Structures are given as C-alpha cells and as structure tokens.
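Here the structure comes first, spelled out in structure tokens, and everything after it is commentary.
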Amino acid sequence: MVPVRPEVRSPEIRPPAVRIDKWLWAARFFKTRALAGRACELGRIQSNATQAKPAREVHSGDRLRIENEGGIFEIEVLAVSAMRGPAAVAQKLYRESDASREARLKLAEERKAMRQYAPLPERRPSKRDRRRIIQFRGRA
C-alpha cells in the first residue's frame, strides 16, 4: 500500500504561463519555434511595451506587439497554450486591436496596388542574369 501524502500548496498561486517563443508558435504567428525565438532576439516582439526575450513568460492579459511578414500585430493575450493546434483554436488565444487590423489591411491593399505598376519580365533570366541577381543579393 502506498501512503497518500497531503497536497503541498505554495503560498502564492500563479496563473499558468508559457515561454513567449512557444506561445507565438502555438498561436501560429510563426511556422517554427526557432523563427519565433529569432524574432524575439531581433527585437520584433514587445511584451507590455518592453522588448521580449524568447524565455519571457506570457500570461493572459499581456499586450504584445508582433512584427512578422504578415505585418505588425498589436494583440491582447486571452489564453495560454504550449501546444500548436488548428488555426481556429489558435485564433482564440488572442484578440487583435481594431486599429492594428485596419492598418494591416490598408498596408496589404497598398502592396496589392503597387504590384500593378511593377513591370513583368520579358523572358526568363539567363544564366548570366541569374549570376548577376545572386551577386546583387549578396549570396555569392
């Protein structure tokens, strides 16, 4: 027979928390946790108006500012999760401010309008053209 021990309770009850890089991955702002951590290191994630490191904990009620390829998101954390699930579940983890949503949509419309004026190439790039492109981008 195994003796039953009474529960040990700590004097302070802390709300559940998760690392910010794990939460950003679970909320589907980044495809991998490594990309979320890299964004934190580059200063693209702010938690309650301070720059966040990947190990910073996220609690419900925190306000985050997230910069990624989709634009700039200003959100409030509603729930904490460390597991990545379907997009419908991920969207219930946060609430985006109306101003943030309008700014992102406006920027997307501007990008779409600018594509009309970009000239299309006449042909595929030749081997020489590709080498120049690679050299220009600094990968050589």
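Each chain in the structure tokens gets a letter, A, B, ..., in the order shown, and its residues are numbered from 1; ligands are numbered from 1 in order too.
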
Practice problem: Fewer than 2 positions away in the same chain doesn't count, so skip those; otherwise give me all residues within 8 Å of A:Arg33, counting only C-alpha atoms, as a list in words. | Solution: Asp21, Lys22, Leu24, Trp25, Phe30, Lys31, Leu35, Ala36 and Gly37 of chain A

Practice problem: as a list in words, list the residues of chain A assigned to strand (DSSP E) by DSSP on the backbone atoms of this structure. | Solution: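 Listing strand (DSSP E) positions across chain A yields Val18, Arg19, Ile45, Gln46, Ser47, Thr50, Gln51, Glu57, Val58, Arg63, Leu64, Arg65, Ile66, Glu67, Asn68, Gly71, Ile72, Phe73, Glu74, Ile75, Glu76, Val77, Tyr94, Arg95 and Glu96 of chain A.
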
Exercise. Find the spatial neighbours of A:Ala27, counting only C-alpha atoms, within a cut-off of 7 Å - ignore same-chain residues fewer than 5 positions away - and output them as a ChimeraX atom specification.
Key: /A:84,90-91,93

Please produce an output containing N, CA and C atoms for each residue in the selection, written as a PDB file, in the first residue's frame.
```
ATOM      1  N   ARG A  84       0.556  23.496 -30.326  1.00  0.00           N
ATOM      2  CA  ARG A  84       0.086  24.063 -31.592  1.00  0.00           C
ATOM      3  C   ARG A  84      -1.091  23.233 -32.079  1.00  0.00           C
ATOM      4  N   ALA A  90      -6.136  28.422 -32.505  1.00  0.00           N
ATOM      5  CA  ALA A  90      -5.065  29.405 -32.301  1.00  0.00           C
ATOM      6  C   ALA A  90      -5.617  30.829 -32.278  1.00  0.00           C
ATOM      7  N   GLN A  91      -6.627  31.119 -33.072  1.00  0.00           N
ATOM      8  CA  GLN A  91      -7.192  32.466 -33.112  1.00  0.00           C
ATOM      9  C   GLN A  91      -7.942  32.820 -31.834  1.00  0.00           C
ATOM     10  N   LEU A  93      -6.725  32.306 -28.912  1.00  0.00           N
ATOM     11  CA  LEU A  93      -5.716  32.590 -27.892  1.00  0.00           C
ATOM     12  C   LEU A  93      -5.469  34.082 -27.715  1.00  0.00           C
TER      13      LEU A  93
END
```

Quiz item: Looking at A:Ala88, A:Ala113, A:Ala55, A:Ala108, which one is nearest to A:Cys40, with distances taken over only C-alpha atoms?
Solution: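 Among the listed residues, the smallest separation from A:Cys40 belongs to A:Ala55.
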
Practice problem: Can you work out the spacing between atom CA of A:Ile72 and atom CA of A:Asn48 in Å, to one decimal? | Solution: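 Value for the atom CA of A:Ile72-atom CA of A:Asn48 distance: 15.1 Å.
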
Practice problem: Just the alpha helix (DSSP H) stuff from stretch 22-70 of chain A, please, per backbone DSSP, written as an MDAnalysis selection string. | Solution: chainID A and resid 22:26 33:41

Written file, previous selection with N, CA and C atoms, as a CSV table (one decimal), in the first residue's frame:
```csv
chain,number,residue,atom,x,y,z
A,22,LYS,N,7.3,29.8,-27.5
A,22,LYS,CA,6.4,28.7,-27.6
A,22,LYS,C,5.0,29.2,-27.9
A,23,TRP,N,4.6,30.2,-27.2
A,23,TRP,CA,3.2,30.8,-27.4
A,23,TRP,C,3.0,31.3,-28.8
A,24,LEU,N,4.0,32.1,-29.3
A,24,LEU,CA,3.9,32.6,-30.6
A,24,LEU,C,3.8,31.5,-31.7
A,25,TRP,N,4.5,30.4,-31.5
A,25,TRP,CA,4.4,29.3,-32.4
A,25,TRP,C,3.0,28.6,-32.3
A,26,ALA,N,2.6,28.5,-31.0
A,26,ALA,CA,1.2,27.8,-30.8
A,26,ALA,C,0.1,28.7,-31.4
A,33,ARG,N,9.2,27.3,-33.9
A,33,ARG,CA,9.5,27.9,-32.6
A,33,ARG,C,10.9,28.6,-32.8
A,34,ALA,N,11.8,28.1,-33.6
A,34,ALA,CA,13.1,28.7,-33.8
A,34,ALA,C,12.9,30.1,-34.5
A,35,LEU,N,12.0,30.2,-35.4
A,35,LEU,CA,11.7,31.5,-36.0
A,35,LEU,C,11.1,32.5,-35.0
A,36,ALA,N,10.3,32.0,-34.1
A,36,ALA,CA,9.7,32.9,-33.1
A,36,ALA,C,10.8,33.4,-32.1
A,37,GLY,N,11.7,32.5,-31.8
A,37,GLY,CA,12.8,32.9,-30.9
A,37,GLY,C,13.7,33.9,-31.6
A,38,ARG,N,14.0,33.7,-32.9
A,38,ARG,CA,14.8,34.6,-33.6
A,38,ARG,C,14.2,36.0,-33.7
A,39,ALA,N,12.9,36.0,-33.9
A,39,ALA,CA,12.2,37.3,-33.9
A,39,ALA,C,12.3,38.0,-32.6
A,40,CYS,N,12.3,37.3,-31.5
A,40,CYS,CA,12.5,37.9,-30.2
A,40,CYS,C,13.9,38.5,-30.1
A,41,GLU,N,14.9,37.7,-30.5
A,41,GLU,CA,16.3,38.2,-30.4
A,41,GLU,C,16.5,39.4,-31.3
```

Quiz item: When you draw a straight line from atom CA of A:Val89 to atom CA of A:Val58, how long is it in Å?
Solution: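 That distance, rounded to one decimal, is 17.5 Å.
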
Quiz prompt | Residue contacts of A:Val77 (9 Å, only C-alpha atoms) excluding same-chain residues fewer than 4 positions away, as a PyMOL selection string | solution = chain A and resi 58-64+93-96

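Separating atom CA of A:Arg132 from atom CA of A:Ala118 is a distance of 19.8 Å.
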
Exercise: A:Leu107 partners within 10 Å, only C-alpha atoms, chain neighbours under 4 positions left out, as a short mmCIF file (atom, residue, chain, number, x, y, z; two decimals) with C-alpha atoms, in the first residue's frame:
```
data_model
loop_
_atom_site.label_atom_id
_atom_site.label_comp_id
_atom_site.auth_asym_id
_atom_site.auth_seq_id
_atom_site.Cartn_x
_atom_site.Cartn_y
_atom_site.Cartn_z
CA GLY A 70 2.16 39.47 -42.28
CA GLY A 71 2.57 42.96 -40.81
CA ILE A 72 2.50 44.45 -37.34
CA GLU A 102 -7.20 48.24 -40.09
CA ALA A 103 -3.54 49.25 -40.51
CA ARG A 111 1.08 46.36 -51.66
CA LYS A 112 -1.52 44.83 -53.97
CA ALA A 113 -1.97 48.15 -55.81
#
```
